[in-house]
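Text of protein20.cif (mmCIF, C-alpha atoms) as supplied:
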```cif
data_work
#
loop_
_atom_site.label_atom_id
_atom_site.label_comp_id
_atom_site.auth_asym_id
_atom_site.auth_seq_id
_atom_site.Cartn_x
_atom_site.Cartn_y
_atom_site.Cartn_z
CA MET U 1 127.77 55.82 228.46
CA LEU U 2 127.69 52.80 226.19
CA LYS U 3 128.28 49.44 227.74
CA ASP U 4 131.67 47.84 227.28
CA TYR U 5 131.40 45.14 224.63
CA ILE U 6 135.12 44.42 224.48
CA ASP U 7 136.00 41.06 225.93
CA LEU U 8 139.26 39.72 224.53
CA GLU U 9 138.96 36.59 226.67
CA TYR U 10 135.67 35.62 225.02
CA ARG U 11 135.63 32.70 222.63
CA PRO U 12 132.79 32.48 220.10
CA LYS U 13 130.16 29.87 220.88
CA ASP U 14 128.67 27.41 218.45
CA ASP U 15 125.50 29.51 218.24
CA ASP U 16 127.27 32.83 217.53
CA PHE U 17 127.44 34.74 214.29
CA VAL U 18 131.04 35.90 213.86
CA CYS U 19 131.87 38.95 211.73
CA GLU U 20 135.19 40.45 210.73
CA TYR U 21 135.54 44.14 209.85
CA HIS U 22 138.27 46.48 208.69
CA ILE U 23 137.78 49.82 210.43
CA GLU U 24 139.46 53.21 210.19
CA PRO U 25 138.35 55.48 213.05
CA ALA U 26 137.70 59.18 212.52
CA GLU U 27 140.26 61.68 213.75
CA GLY U 28 140.34 61.80 217.53
CA VAL U 29 138.55 58.47 217.99
CA SER U 30 140.54 55.59 219.43
CA PHE U 31 140.48 52.21 217.74
CA GLU U 32 139.08 50.63 220.91
CA ALA U 33 136.25 53.16 221.18
CA ALA U 34 135.38 52.74 217.52
CA CYS U 35 135.16 48.95 217.91
CA ASN U 36 133.04 49.25 221.03
CA HIS U 37 130.56 51.74 219.54
CA MET U 38 130.25 49.75 216.32
CA ALA U 39 129.43 46.57 218.23
CA GLY U 40 126.71 48.34 220.14
CA GLU U 41 125.18 50.09 217.12
CA SER U 42 124.99 46.83 215.19
CA SER U 43 123.10 45.09 217.98
CA ILE U 44 121.33 46.35 221.10
CA ASP U 45 122.66 49.83 221.90
CA THR U 46 122.37 53.43 220.71
CA TRP U 47 124.26 56.70 221.09
CA SER U 48 123.02 57.44 224.63
CA ASP U 49 121.99 55.64 227.80
CA ILE U 50 118.46 54.26 227.45
CA SER U 51 116.22 53.15 230.29
CA THR U 52 114.57 50.49 228.16
CA LEU U 53 117.78 48.45 227.91
CA SER U 54 117.59 46.26 231.02
CA PRO U 55 120.66 44.54 232.47
CA GLU U 56 118.99 41.21 231.81
CA MET U 57 118.44 42.01 228.13
CA ALA U 58 121.97 43.31 227.77
CA GLY U 59 123.38 40.20 229.37
CA GLU U 60 121.49 37.91 227.00
CA LEU U 61 121.95 39.82 223.75
CA LYS U 62 125.17 41.81 224.08
CA PRO U 63 127.81 41.33 221.34
CA HIS U 64 131.40 40.48 222.16
CA VAL U 65 134.38 42.21 220.59
CA TYR U 66 136.80 39.33 221.10
CA TYR U 67 139.61 40.21 218.67
CA MET U 68 141.20 43.56 217.85
CA ASN U 69 144.32 44.23 215.80
CA GLU U 70 144.89 47.95 215.56
CA GLU U 71 147.93 47.61 213.33
CA GLN U 72 145.92 45.65 210.75
CA GLN U 73 142.77 47.65 211.58
CA THR U 74 140.82 44.44 212.04
CA VAL U 75 138.10 43.61 214.56
CA ARG U 76 136.02 40.48 215.06
CA ILE U 77 132.66 40.53 216.81
CA ALA U 78 130.55 37.60 217.99
CA TYR U 79 126.77 38.10 217.99
CA THR U 80 124.29 35.74 219.58
CA GLN U 81 121.95 34.21 217.00
CA ASP U 82 118.94 35.43 219.01
CA LEU U 83 119.56 38.87 217.48
CA PHE U 84 118.62 37.60 214.02
CA GLU U 85 115.52 36.41 212.22
CA THR U 86 115.90 32.81 211.10
CA GLY U 87 116.42 32.49 207.36
CA SER U 88 116.40 36.23 206.59
CA VAL U 89 119.43 37.67 204.82
CA PRO U 90 117.87 41.18 204.66
CA GLN U 91 117.45 41.31 208.45
CA ILE U 92 120.94 39.95 209.08
CA LEU U 93 122.47 42.61 206.85
CA SER U 94 120.34 45.37 208.38
CA ALA U 95 122.02 44.58 211.69
CA ILE U 96 125.64 43.76 210.95
CA ALA U 97 126.02 45.94 207.84
CA GLY U 98 123.38 48.60 208.37
CA ASN U 99 123.65 51.82 210.38
CA ILE U 100 127.28 51.14 211.24
CA PHE U 101 128.31 52.39 207.78
CA SER U 102 126.84 55.82 208.63
CA MET U 103 128.63 56.29 211.94
CA LYS U 104 130.59 59.55 212.13
CA LEU U 105 133.22 58.03 214.37
CA LEU U 106 134.34 55.84 211.46
CA ASP U 107 136.06 57.26 208.40
CA SER U 108 135.95 53.88 206.66
CA LEU U 109 134.45 50.48 207.36
CA ARG U 110 134.64 47.26 205.37
CA PHE U 111 132.66 44.14 206.22
CA GLU U 112 135.19 41.44 205.37
CA ASP U 113 133.78 38.08 206.41
CA ILE U 114 131.04 36.24 208.27
CA SER U 115 130.67 32.81 209.84
CA PHE U 116 127.22 31.39 210.58
CA PRO U 117 126.16 29.07 213.41
CA ARG U 118 124.83 25.68 212.36
CA ASP U 119 121.30 26.50 213.54
CA ALA U 120 121.24 29.58 211.34
CA ILE U 121 122.51 27.61 208.34
CA SER U 122 119.68 25.12 208.82
CA GLY U 123 117.21 27.94 208.12
CA PHE U 124 118.43 28.25 204.52
CA ARG U 125 117.84 25.89 201.62
CA GLY U 126 121.14 26.33 199.82
CA PRO U 127 121.56 25.47 196.13
CA ASN U 128 118.99 23.18 194.55
CA PHE U 129 121.57 21.67 192.20
CA GLY U 130 124.93 23.10 193.19
CA MET U 131 128.13 22.20 191.43
CA HIS U 132 127.63 18.44 191.46
CA GLY U 133 124.00 18.67 190.43
CA VAL U 134 124.86 20.94 187.50
CA ARG U 135 127.47 18.44 186.38
CA GLU U 136 124.81 15.73 186.48
CA LEU U 137 122.57 17.85 184.22
CA PHE U 138 125.33 17.88 181.62
CA GLY U 139 126.79 14.44 182.25
CA VAL U 140 130.24 16.06 182.29
CA ASN U 141 132.54 15.41 185.23
CA ASP U 142 136.09 15.46 183.87
CA ARG U 143 136.57 18.99 182.51
CA PRO U 144 135.57 22.62 183.06
CA LEU U 145 132.31 23.64 181.40
CA ILE U 146 132.49 26.20 178.59
CA GLY U 147 129.98 29.00 178.35
CA THR U 148 129.42 32.17 176.39
CA ILE U 149 127.34 35.32 176.50
CA VAL U 150 125.38 36.33 173.43
CA LYS U 151 127.06 39.41 171.97
CA PRO U 152 126.38 42.23 171.34
CA LYS U 153 124.88 42.66 174.78
CA VAL U 154 121.77 44.38 173.46
CA GLY U 155 120.39 45.24 170.05
CA LEU U 156 119.85 41.81 168.51
CA THR U 157 116.34 40.67 167.69
CA SER U 158 115.03 37.53 169.35
CA GLN U 159 115.70 35.55 166.17
CA GLN U 160 119.24 36.90 165.81
CA HIS U 161 119.89 36.19 169.47
CA ALA U 162 118.76 32.57 169.08
CA GLU U 163 120.96 32.11 166.01
CA VAL U 164 124.06 33.35 167.85
CA ALA U 165 123.23 30.97 170.70
CA TYR U 166 122.83 28.06 168.28
CA ASN U 167 126.20 28.78 166.65
CA ALA U 168 127.89 28.80 170.06
CA PHE U 169 126.19 25.56 171.10
CA ALA U 170 127.08 23.90 167.79
CA GLY U 171 130.74 24.86 168.19
CA GLY U 172 131.06 23.26 171.62
CA CYS U 173 129.67 25.59 174.28
CA ASP U 174 127.87 23.83 177.11
CA LEU U 175 126.05 26.95 178.26
CA VAL U 176 124.86 30.15 176.62
CA LYS U 177 123.57 33.06 178.69
CA ASP U 178 122.06 36.49 178.27
CA ASP U 179 124.08 39.48 179.36
CA GLU U 180 123.24 41.47 182.48
CA ASN U 181 121.35 44.30 180.78
CA LEU U 182 119.17 42.23 178.45
CA THR U 183 115.76 41.57 179.98
CA ASP U 184 112.57 42.51 178.08
CA GLN U 185 113.42 45.36 175.72
CA LYS U 186 111.23 46.17 172.72
CA PHE U 187 113.77 44.88 170.18
CA ASN U 188 114.11 41.52 171.97
CA ARG U 189 111.09 40.54 174.03
CA PHE U 190 111.68 38.10 176.86
CA GLU U 191 109.13 35.44 175.96
CA LYS U 192 109.98 35.32 172.26
CA ARG U 193 113.70 35.19 173.03
CA ALA U 194 113.18 32.39 175.53
CA LEU U 195 111.08 30.35 173.10
CA LEU U 196 113.44 30.71 170.13
CA THR U 197 116.68 30.25 172.07
CA LEU U 198 115.44 27.13 173.84
CA LYS U 199 114.49 25.74 170.42
CA ALA U 200 118.04 26.53 169.26
CA GLN U 201 119.35 24.73 172.34
CA ASP U 202 117.30 21.62 171.53
CA ARG U 203 118.44 21.70 167.90
CA ALA U 204 122.09 21.85 168.93
CA GLU U 205 121.61 19.01 171.41
CA ALA U 206 120.13 16.79 168.70
CA GLU U 207 122.99 17.55 166.33
CA THR U 208 125.91 17.30 168.74
CA GLY U 209 124.72 14.60 171.11
CA GLU U 210 125.74 16.82 174.05
CA LYS U 211 123.56 18.45 176.70
CA LYS U 212 123.21 22.21 176.24
CA MET U 213 121.72 24.81 178.57
CA TYR U 214 120.40 28.32 177.93
CA MET U 215 120.44 30.72 180.88
CA CYS U 216 117.77 33.34 180.25
CA ASN U 217 117.95 36.57 182.25
CA ILE U 218 114.76 36.84 184.32
CA THR U 219 115.76 40.05 186.14
CA ALA U 220 112.51 42.04 186.45
CA PRO U 221 111.02 45.13 188.11
CA THR U 222 109.01 43.12 190.68
CA CYS U 223 109.42 39.81 192.49
CA GLU U 224 106.13 38.66 191.02
CA GLU U 225 107.25 39.29 187.45
CA MET U 226 110.62 37.68 188.11
CA VAL U 227 108.93 34.51 189.35
CA ARG U 228 106.49 34.61 186.43
CA ARG U 229 109.41 34.71 184.01
CA ALA U 230 110.95 31.71 185.78
CA GLU U 231 107.66 29.88 185.32
CA VAL U 232 107.72 30.72 181.59
CA ILE U 233 111.18 29.15 181.28
CA SER U 234 109.99 26.04 183.12
CA ASP U 235 106.87 25.75 180.95
CA LEU U 236 109.07 25.93 177.84
CA GLY U 237 111.22 23.06 179.11
CA GLY U 238 114.18 25.16 180.23
CA LYS U 239 116.36 24.07 183.14
CA TYR U 240 118.16 27.33 183.93
CA VAL U 241 117.52 30.96 184.76
CA MET U 242 119.90 33.85 185.34
CA ILE U 243 119.51 36.75 187.75
CA ASP U 244 121.43 39.98 188.44
CA ILE U 245 121.87 39.46 192.17
CA ILE U 246 122.85 42.94 193.37
CA PRO U 247 120.29 45.02 191.42
CA VAL U 248 117.35 42.77 192.41
CA GLY U 249 118.28 42.52 196.10
CA TRP U 250 118.28 39.84 198.77
CA THR U 251 114.54 39.54 199.29
CA ALA U 252 114.08 38.95 195.56
CA LEU U 253 116.77 36.26 195.61
CA GLN U 254 115.17 34.44 198.50
CA SER U 255 111.78 34.67 196.80
CA LEU U 256 113.27 33.32 193.58
CA ARG U 257 114.95 30.42 195.36
CA GLU U 258 111.65 29.40 196.91
CA ALA U 259 109.94 29.47 193.52
CA THR U 260 112.63 27.68 191.58
CA GLY U 261 112.77 24.91 194.14
CA GLU U 262 109.28 23.93 193.02
CA LEU U 263 110.09 24.46 189.34
CA GLY U 264 113.33 22.49 189.32
CA LEU U 265 115.41 25.30 187.80
CA ALA U 266 119.10 25.97 188.34
CA ILE U 267 120.02 29.61 189.04
CA HIS U 268 123.00 31.43 187.55
CA ALA U 269 124.08 34.42 189.66
CA HIS U 270 125.46 37.40 187.75
CA ARG U 271 127.22 39.79 190.13
CA CYS U 272 126.98 42.99 188.07
CA MET U 273 127.15 46.15 190.23
CA HIS U 274 129.04 44.33 192.99
CA SER U 275 132.12 46.54 192.60
CA ALA U 276 130.10 49.55 193.70
CA ILE U 277 130.08 47.80 197.08
CA THR U 278 133.15 45.56 197.06
CA ARG U 279 135.97 47.24 195.13
CA ASN U 280 137.20 49.77 197.71
CA PRO U 281 139.56 47.82 200.03
CA HIS U 282 138.85 50.25 202.86
CA HIS U 283 135.07 50.61 202.70
CA GLY U 284 132.05 48.54 201.77
CA VAL U 285 131.29 44.83 201.82
CA SER U 286 133.66 42.16 200.53
CA MET U 287 132.73 39.91 197.62
CA LEU U 288 133.41 37.02 199.98
CA VAL U 289 130.48 38.04 202.18
CA ILE U 290 128.24 38.39 199.12
CA ALA U 291 129.34 34.96 197.90
CA LYS U 292 128.56 33.32 201.25
CA LEU U 293 125.10 34.88 201.37
CA THR U 294 124.44 33.86 197.77
CA ARG U 295 125.35 30.27 198.57
CA LEU U 296 123.22 30.19 201.72
CA ILE U 297 120.19 31.48 199.86
CA GLY U 298 120.71 28.79 197.27
CA LEU U 299 121.94 30.01 193.90
CA ASP U 300 123.77 27.33 191.98
CA GLN U 301 126.65 29.18 190.34
CA LEU U 302 128.30 32.54 190.80
CA HIS U 303 130.70 34.84 188.95
CA ILE U 304 133.87 35.05 191.06
CA GLY U 305 136.38 36.74 188.72
CA THR U 306 139.17 35.40 186.58
CA VAL U 307 142.60 36.63 187.85
CA VAL U 308 143.38 37.01 184.14
CA GLY U 309 141.00 38.96 181.88
CA LYS U 310 139.50 42.44 182.05
CA MET U 311 137.72 42.53 185.40
CA HIS U 312 139.03 43.67 188.79
CA GLY U 313 139.98 40.95 191.26
CA GLY U 314 143.35 39.65 192.44
CA ARG U 315 144.41 36.03 192.71
CA ASP U 316 143.97 35.75 196.49
CA GLU U 317 140.47 37.23 196.38
CA VAL U 318 139.34 35.05 193.48
CA LEU U 319 140.73 31.85 195.03
CA ALA U 320 139.08 32.67 198.37
CA LEU U 321 135.78 32.99 196.51
CA ARG U 322 136.41 29.72 194.71
CA ASP U 323 137.06 27.96 198.00
CA ASN U 324 133.88 29.41 199.49
CA CYS U 325 131.95 28.12 196.49
CA VAL U 326 133.23 24.57 196.34
CA LEU U 327 134.36 23.47 199.81
CA GLU U 328 132.08 21.76 202.28
CA HIS U 329 134.21 23.03 205.16
CA ILE U 330 136.42 26.13 205.10
CA HIS U 331 139.32 26.43 207.53
CA ALA U 332 140.55 29.62 209.16
CA ASN U 333 143.03 31.54 207.02
CA GLU U 334 143.73 35.06 208.20
CA ALA U 335 145.50 36.05 204.98
CA LEU U 336 142.30 35.50 203.02
CA HIS U 337 139.91 36.53 205.81
CA VAL U 338 138.22 33.13 205.65
CA LEU U 339 136.66 32.27 208.98
CA GLU U 340 135.87 28.75 210.14
CA GLN U 341 132.64 27.55 208.56
CA ASP U 342 130.86 24.19 208.46
CA TRP U 343 128.25 24.34 205.69
CA GLY U 344 126.25 21.33 206.81
CA HIS U 345 123.59 20.47 204.20
CA ILE U 346 124.43 23.46 201.97
CA LYS U 347 125.68 22.24 198.59
CA PRO U 348 128.74 23.76 196.89
CA MET U 349 128.17 26.38 194.19
CA PHE U 350 129.79 26.18 190.76
CA PRO U 351 132.35 29.01 190.40
CA VAL U 352 132.15 30.96 187.14
CA ALA U 353 135.20 32.67 185.63
CA SER U 354 134.02 35.42 183.29
CA GLY U 355 135.23 38.76 182.01
CA GLY U 356 137.56 39.46 179.10
CA LEU U 357 138.57 35.86 178.50
CA GLU U 358 139.80 34.35 175.23
CA PRO U 359 141.00 30.85 174.27
CA THR U 360 144.71 31.48 174.78
CA MET U 361 144.04 32.06 178.53
CA ILE U 362 142.62 28.58 179.06
CA PRO U 363 145.85 26.90 180.21
CA ASP U 364 146.25 29.61 182.87
CA LEU U 365 142.59 29.24 183.88
CA VAL U 366 143.01 25.47 184.26
CA ARG U 367 146.10 26.02 186.44
CA ILE U 368 144.21 28.54 188.59
CA PHE U 369 140.81 26.84 188.90
CA GLY U 370 141.36 23.19 187.99
CA ASN U 371 138.40 21.32 186.53
CA ASP U 372 135.73 22.73 188.81
CA ALA U 373 134.91 25.96 187.02
CA ILE U 374 132.62 27.29 184.33
CA MET U 375 134.76 29.30 181.92
CA GLN U 376 132.70 31.94 180.19
CA PHE U 377 133.83 33.72 177.02
CA GLY U 378 132.14 36.65 175.29
CA GLY U 379 134.30 38.41 172.75
CA GLY U 380 136.76 35.56 173.12
CA ILE U 381 134.30 33.44 171.16
CA HIS U 382 132.35 35.90 169.04
CA ALA U 383 135.44 37.83 167.87
CA HIS U 384 137.12 34.70 166.52
CA PRO U 385 138.36 35.34 162.95
CA ILE U 386 136.15 32.56 161.52
CA GLY U 387 133.09 33.37 163.63
CA THR U 388 131.16 32.24 166.71
CA THR U 389 131.05 28.52 165.97
CA ALA U 390 134.80 28.38 165.39
CA GLY U 391 135.37 30.46 168.51
CA ALA U 392 133.50 27.94 170.65
CA THR U 393 135.37 25.09 168.99
CA ALA U 394 138.69 26.79 169.68
CA CYS U 395 137.82 26.98 173.38
CA ARG U 396 137.02 23.27 173.52
CA GLN U 397 140.26 22.51 171.69
CA ALA U 398 142.21 24.63 174.16
CA ILE U 399 140.58 22.74 177.04
CA ASP U 400 141.56 19.41 175.47
CA ALA U 401 145.13 20.62 175.02
CA ALA U 402 145.45 21.97 178.55
CA LEU U 403 144.04 18.83 180.16
CA GLY U 404 146.21 16.66 177.92
CA GLY U 405 149.40 18.50 178.85
CA VAL U 406 149.94 19.72 175.29
CA THR U 407 150.88 23.31 174.47
CA LEU U 408 148.34 25.33 172.51
CA GLU U 409 150.89 25.91 169.77
CA GLU U 410 151.45 22.18 169.32
CA TYR U 411 147.73 21.38 169.41
CA ALA U 412 146.97 24.15 166.92
CA LYS U 413 149.07 22.41 164.27
CA THR U 414 146.20 19.97 163.71
CA HIS U 415 143.26 22.11 164.85
CA SER U 416 142.53 25.04 162.55
CA GLU U 417 140.07 26.83 164.84
CA LEU U 418 142.62 27.02 167.65
CA GLU U 419 145.30 28.04 165.16
CA ALA U 420 143.13 30.97 164.04
CA ALA U 421 142.55 31.97 167.66
CA LEU U 422 146.26 31.99 168.36
CA SER U 423 146.87 34.12 165.30
CA LYS U 424 144.45 36.74 166.66
CA TRP U 425 145.22 36.76 170.37
CA ARG U 426 148.89 35.80 170.62
#
```
So that I can check it, write out the structure of this file as structure tokens.
Amino acid sequence: MLKDYIDLEYRPKDDDFVCEYHIEPAEGVSFEAACNHMAGESSIDTWSDISTLSPEMAGELKPHVYYMNEEQQTVRIAYTQDLFETGSVPQILSAIAGNIFSMKLLDSLRFEDISFPRDAISGFRGPNFGMHGVRELFGVNDRPLIGTIVKPKVGLTSQQHAEVAYNAFAGGCDLVKDDENLTDQKFNRFEKRALLTLKAQDRAEAETGEKKMYMCNITAPTCEEMVRRAEVISDLGGKYVMIDIIPVGWTALQSLREATGELGLAIHAHRCMHSAITRNPHHGVSMLVIAKLTRLIGLDQLHIGTVVGKMHGGRDEVLALRDNCVLEHIHANEALHVLEQDWGHIKPMFPVASGGLEPTMIPDLVRIFGNDAIMQFGGGIHAHPIGTTAGATACRQAIDAALGGVTLEEYAKTHSELEAALSKWR
């Protein structure tokens, strides 16, 4: 028989990992039994009594199920940090989000949240720049940053891609990025695109007097090639790279963070494919867990959703992600599943709102996110009636209006680009 890991009198220690799960037991399995078996499977036990598990080992390494709420189907488990390899996200996930998802006694399981002990946090580098460092790169501290994605996603030549980027920079975008599925296709080779688009960035900087940044997608089939592409960007004078965090995996992200620390590059985290894991409210891994791991590893900015726009993600979820990105210390809030967490030396990430945005949404975005956000527009810039440059200008005008407490309609009376945007999207 499995050992009893349920101890509702236990209080997590400073050196415990604490995880929160939503569980739905299979028919005929009690909630208590499901919690107990899951705690054992994710740590030291197995499905049957084993002679190799000594009482001494069990006493030192056993997990503690210290909170159960059957009505809300929530359980919290404290794990001693000795169960985990220091500084290894893959090993941590193999334990607390590994075999437990295959257990027959669970119909559904969702990994909702995690809190890390200070010693474990010290094993990670965290963001190289983070939100404040990125702001220093731009010299912009009093407004949200405006970004765009070169559209169409794929199909443009390297030269066409660079020209679209230049037009966006010239109109007022601070950042221009590749989309998630553009890497090194035959119609737009990585190295030529990087060279030409960084030249377009420099040209726009010289003309506007503003700092501009191009985020080139270095997602690659191997860690070695991914790092090589980062080195190419650095050699060309670039300051940013972009990576598709779920497709490349956690080992690749940790390898990239090590490399970019030496290269002095900021990392933009695109979360494409996350909904395959996070969207089902009953099963999978929450975006909050992914965001925390991304910050620990050390990426500088992360897509968190928009509340408005085309992508899935409600207000509570998006704001919980924002708080995880920007706060040095997160307080317990059961409604948002945010566990107590002191981030120590780990810098805040810059939250990125992206997905189906257009200029008329900017006042709402400012109310939701405040100044500390990167607002990213694709079609909302490139589909502007007068073109990409005017679309970027309209976004900057909408920011100025929102921060100045002026309605878009009033501001548009003297700003033709914003007026054209309102005529299309209102």
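Near segment 374-376 of chain U, within 6 Å and counting all atoms listed in the file, sit Pro144, Leu145, Ile146, Gly147, Thr148, Val352, Ala353 and Ser354 of chain U, not including residues fewer than 3 positions from it in the same chain.
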Near Leu175 of chain U, within 12 Å and counting all atoms listed in the file, which residues show up once chain neighbours fewer than 3 positions away are dropped, as a count of residues only? 44
Using only C-alpha atoms, the residue out of U:Leu105, U:Leu296, U:Ala120, U:Ala220 with shortest distance to Thr86 of chain U is U:Ala120
Step by step, work through what the PyMOL selection byres ((chain U and resi 407) around 12) selects in the shown file, and finish by giving those residues as a CSV table (one decimal) with C-alpha atoms, keeping the file's coordinate frame.
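The new file part_2.csv reads:
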```csv
chain,number,residue,atom,x,y,z
U,360,THR,CA,144.7,31.5,174.8
U,361,MET,CA,144.0,32.1,178.5
U,362,ILE,CA,142.6,28.6,179.1
U,363,PRO,CA,145.8,26.9,180.2
U,364,ASP,CA,146.2,29.6,182.9
U,397,GLN,CA,140.3,22.5,171.7
U,398,ALA,CA,142.2,24.6,174.2
U,399,ILE,CA,140.6,22.7,177.0
U,400,ASP,CA,141.6,19.4,175.5
U,401,ALA,CA,145.1,20.6,175.0
U,402,ALA,CA,145.4,22.0,178.6
U,403,LEU,CA,144.0,18.8,180.2
U,404,GLY,CA,146.2,16.7,177.9
U,405,GLY,CA,149.4,18.5,178.8
U,406,VAL,CA,149.9,19.7,175.3
U,408,LEU,CA,148.3,25.3,172.5
U,409,GLU,CA,150.9,25.9,169.8
U,410,GLU,CA,151.4,22.2,169.3
U,411,TYR,CA,147.7,21.4,169.4
U,412,ALA,CA,147.0,24.2,166.9
U,413,LYS,CA,149.1,22.4,164.3
U,418,LEU,CA,142.6,27.0,167.6
U,419,GLU,CA,145.3,28.0,165.2
U,422,LEU,CA,146.3,32.0,168.4
```
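The residues caught by the PyMOL selection byres ((chain U and resi 154) around 10) in this file are Val150, Lys151, Pro152, Lys153, Gly155, Leu156, Thr157, His161, Asp178, Asp179, Glu180, Asn181, Leu182, Thr183, Gln185, Phe187 and Asn188 of chain U.
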Axis-aligned box for segment 62-81 of chain U, 5 Å per side, centre and edges in Å as AutoDock Vina command-line options:
```
--center_x 134.9 --center_y 41.1 --center_z 217.4 --size_x 36.0 --size_y 23.7 --size_z 23.3
```
Once the PyMOL selection byres ((chain U and resi 77-85) around 8) has been evaluated on this model, what residues remain selected, and can you format them as a short mmCIF file (atom, residue, chain, number, x, y, z; two decimals) with C-alpha atoms, in the frame of the given file?
```cif
data_model
loop_
_atom_site.label_atom_id
_atom_site.label_comp_id
_atom_site.auth_asym_id
_atom_site.auth_seq_id
_atom_site.Cartn_x
_atom_site.Cartn_y
_atom_site.Cartn_z
CA PRO U 12 132.79 32.48 220.10
CA ASP U 15 125.50 29.51 218.24
CA ASP U 16 127.27 32.83 217.53
CA PHE U 17 127.44 34.74 214.29
CA VAL U 18 131.04 35.90 213.86
CA CYS U 19 131.87 38.95 211.73
CA GLU U 20 135.19 40.45 210.73
CA ALA U 39 129.43 46.57 218.23
CA SER U 43 123.10 45.09 217.98
CA LEU U 61 121.95 39.82 223.75
CA LYS U 62 125.17 41.81 224.08
CA PRO U 63 127.81 41.33 221.34
CA HIS U 64 131.40 40.48 222.16
CA VAL U 65 134.38 42.21 220.59
CA TYR U 66 136.80 39.33 221.10
CA TYR U 67 139.61 40.21 218.67
CA VAL U 75 138.10 43.61 214.56
CA ARG U 76 136.02 40.48 215.06
CA THR U 86 115.90 32.81 211.10
CA GLY U 87 116.42 32.49 207.36
CA SER U 88 116.40 36.23 206.59
CA GLN U 91 117.45 41.31 208.45
CA ILE U 92 120.94 39.95 209.08
CA PRO U 117 126.16 29.07 213.41
CA ALA U 120 121.24 29.58 211.34
#
```
So, with only C-alpha atoms as the atoms that count, which of U:Phe129, U:Pro359, U:Asp372, U:Arg367 lies closest to Leu265 of chain U? U:Phe129
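Of note, atom CA of Glu417 of chain U and atom CA of Thr393 of chain U are spaced 6.5 Å apart.
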Near-Gln73 of chain U list (6 Å; only C-alpha atoms; drop same-chain fewer than 2 positions) as a ChimeraX atom specification: /U:22-23,69-71
Atom CA of Ile233 of chain U and atom CA of Asn324 of chain U are how many Å apart?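 If I compute the distance from atom CA of Ile233 of chain U to atom CA of Asn324 of chain U, I get 29.1 Å.
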As a PDB file, in the coordinates of the input, could you write out segment 292-305 of chain U once it has been completed with N, CA and C atoms?
```pdb
ATOM      1  N   LYS U 292     129.097  34.201 200.204  1.00  0.00           N
ATOM      2  CA  LYS U 292     128.560  33.320 201.250  1.00  0.00           C
ATOM      3  C   LYS U 292     127.040  33.455 201.351  1.00  0.00           C
ATOM      4  N   LEU U 293     126.541  34.669 201.290  1.00  0.00           N
ATOM      5  CA  LEU U 293     125.100  34.880 201.370  1.00  0.00           C
ATOM      6  C   LEU U 293     124.387  34.284 200.156  1.00  0.00           C
ATOM      7  N   THR U 294     125.013  34.419 198.996  1.00  0.00           N
ATOM      8  CA  THR U 294     124.440  33.860 197.770  1.00  0.00           C
ATOM      9  C   THR U 294     124.336  32.347 197.867  1.00  0.00           C
ATOM     10  N   ARG U 295     125.362  31.731 198.418  1.00  0.00           N
ATOM     11  CA  ARG U 295     125.350  30.270 198.570  1.00  0.00           C
ATOM     12  C   ARG U 295     124.303  29.833 199.599  1.00  0.00           C
ATOM     13  N   LEU U 296     124.212  30.539 200.710  1.00  0.00           N
ATOM     14  CA  LEU U 296     123.220  30.190 201.720  1.00  0.00           C
ATOM     15  C   LEU U 296     121.802  30.253 201.155  1.00  0.00           C
ATOM     16  N   ILE U 297     121.511  31.333 200.447  1.00  0.00           N
ATOM     17  CA  ILE U 297     120.190  31.480 199.860  1.00  0.00           C
ATOM     18  C   ILE U 297     119.897  30.347 198.890  1.00  0.00           C
ATOM     19  N   GLY U 298     120.899  29.972 198.088  1.00  0.00           N
ATOM     20  CA  GLY U 298     120.710  28.790 197.270  1.00  0.00           C
ATOM     21  C   GLY U 298     120.837  28.977 195.778  1.00  0.00           C
ATOM     22  N   LEU U 299     121.666  29.923 195.335  1.00  0.00           N
ATOM     23  CA  LEU U 299     121.940  30.010 193.900  1.00  0.00           C
ATOM     24  C   LEU U 299     123.005  28.983 193.546  1.00  0.00           C
ATOM     25  N   ASP U 300     122.968  28.496 192.329  1.00  0.00           N
ATOM     26  CA  ASP U 300     123.770  27.330 191.980  1.00  0.00           C
ATOM     27  C   ASP U 300     125.154  27.647 191.460  1.00  0.00           C
ATOM     28  N   GLN U 301     125.327  28.801 190.850  1.00  0.00           N
ATOM     29  CA  GLN U 301     126.650  29.180 190.340  1.00  0.00           C
ATOM     30  C   GLN U 301     126.799  30.678 190.374  1.00  0.00           C
ATOM     31  N   LEU U 302     128.042  31.132 190.523  1.00  0.00           N
ATOM     32  CA  LEU U 302     128.300  32.540 190.800  1.00  0.00           C
ATOM     33  C   LEU U 302     129.562  33.008 190.098  1.00  0.00           C
ATOM     34  N   HIS U 303     129.502  34.195 189.485  1.00  0.00           N
ATOM     35  CA  HIS U 303     130.700  34.840 188.950  1.00  0.00           C
ATOM     36  C   HIS U 303     131.652  35.157 190.108  1.00  0.00           C
ATOM     37  N   ILE U 304     132.913  34.766 189.986  1.00  0.00           N
ATOM     38  CA  ILE U 304     133.870  35.050 191.060  1.00  0.00           C
ATOM     39  C   ILE U 304     135.096  35.805 190.566  1.00  0.00           C
ATOM     40  N   GLY U 305     135.198  36.081 189.257  1.00  0.00           N
ATOM     41  CA  GLY U 305     136.380  36.740 188.720  1.00  0.00           C
ATOM     42  C   GLY U 305     137.260  35.740 187.991  1.00  0.00           C
TER      43      GLY U 305
END
```
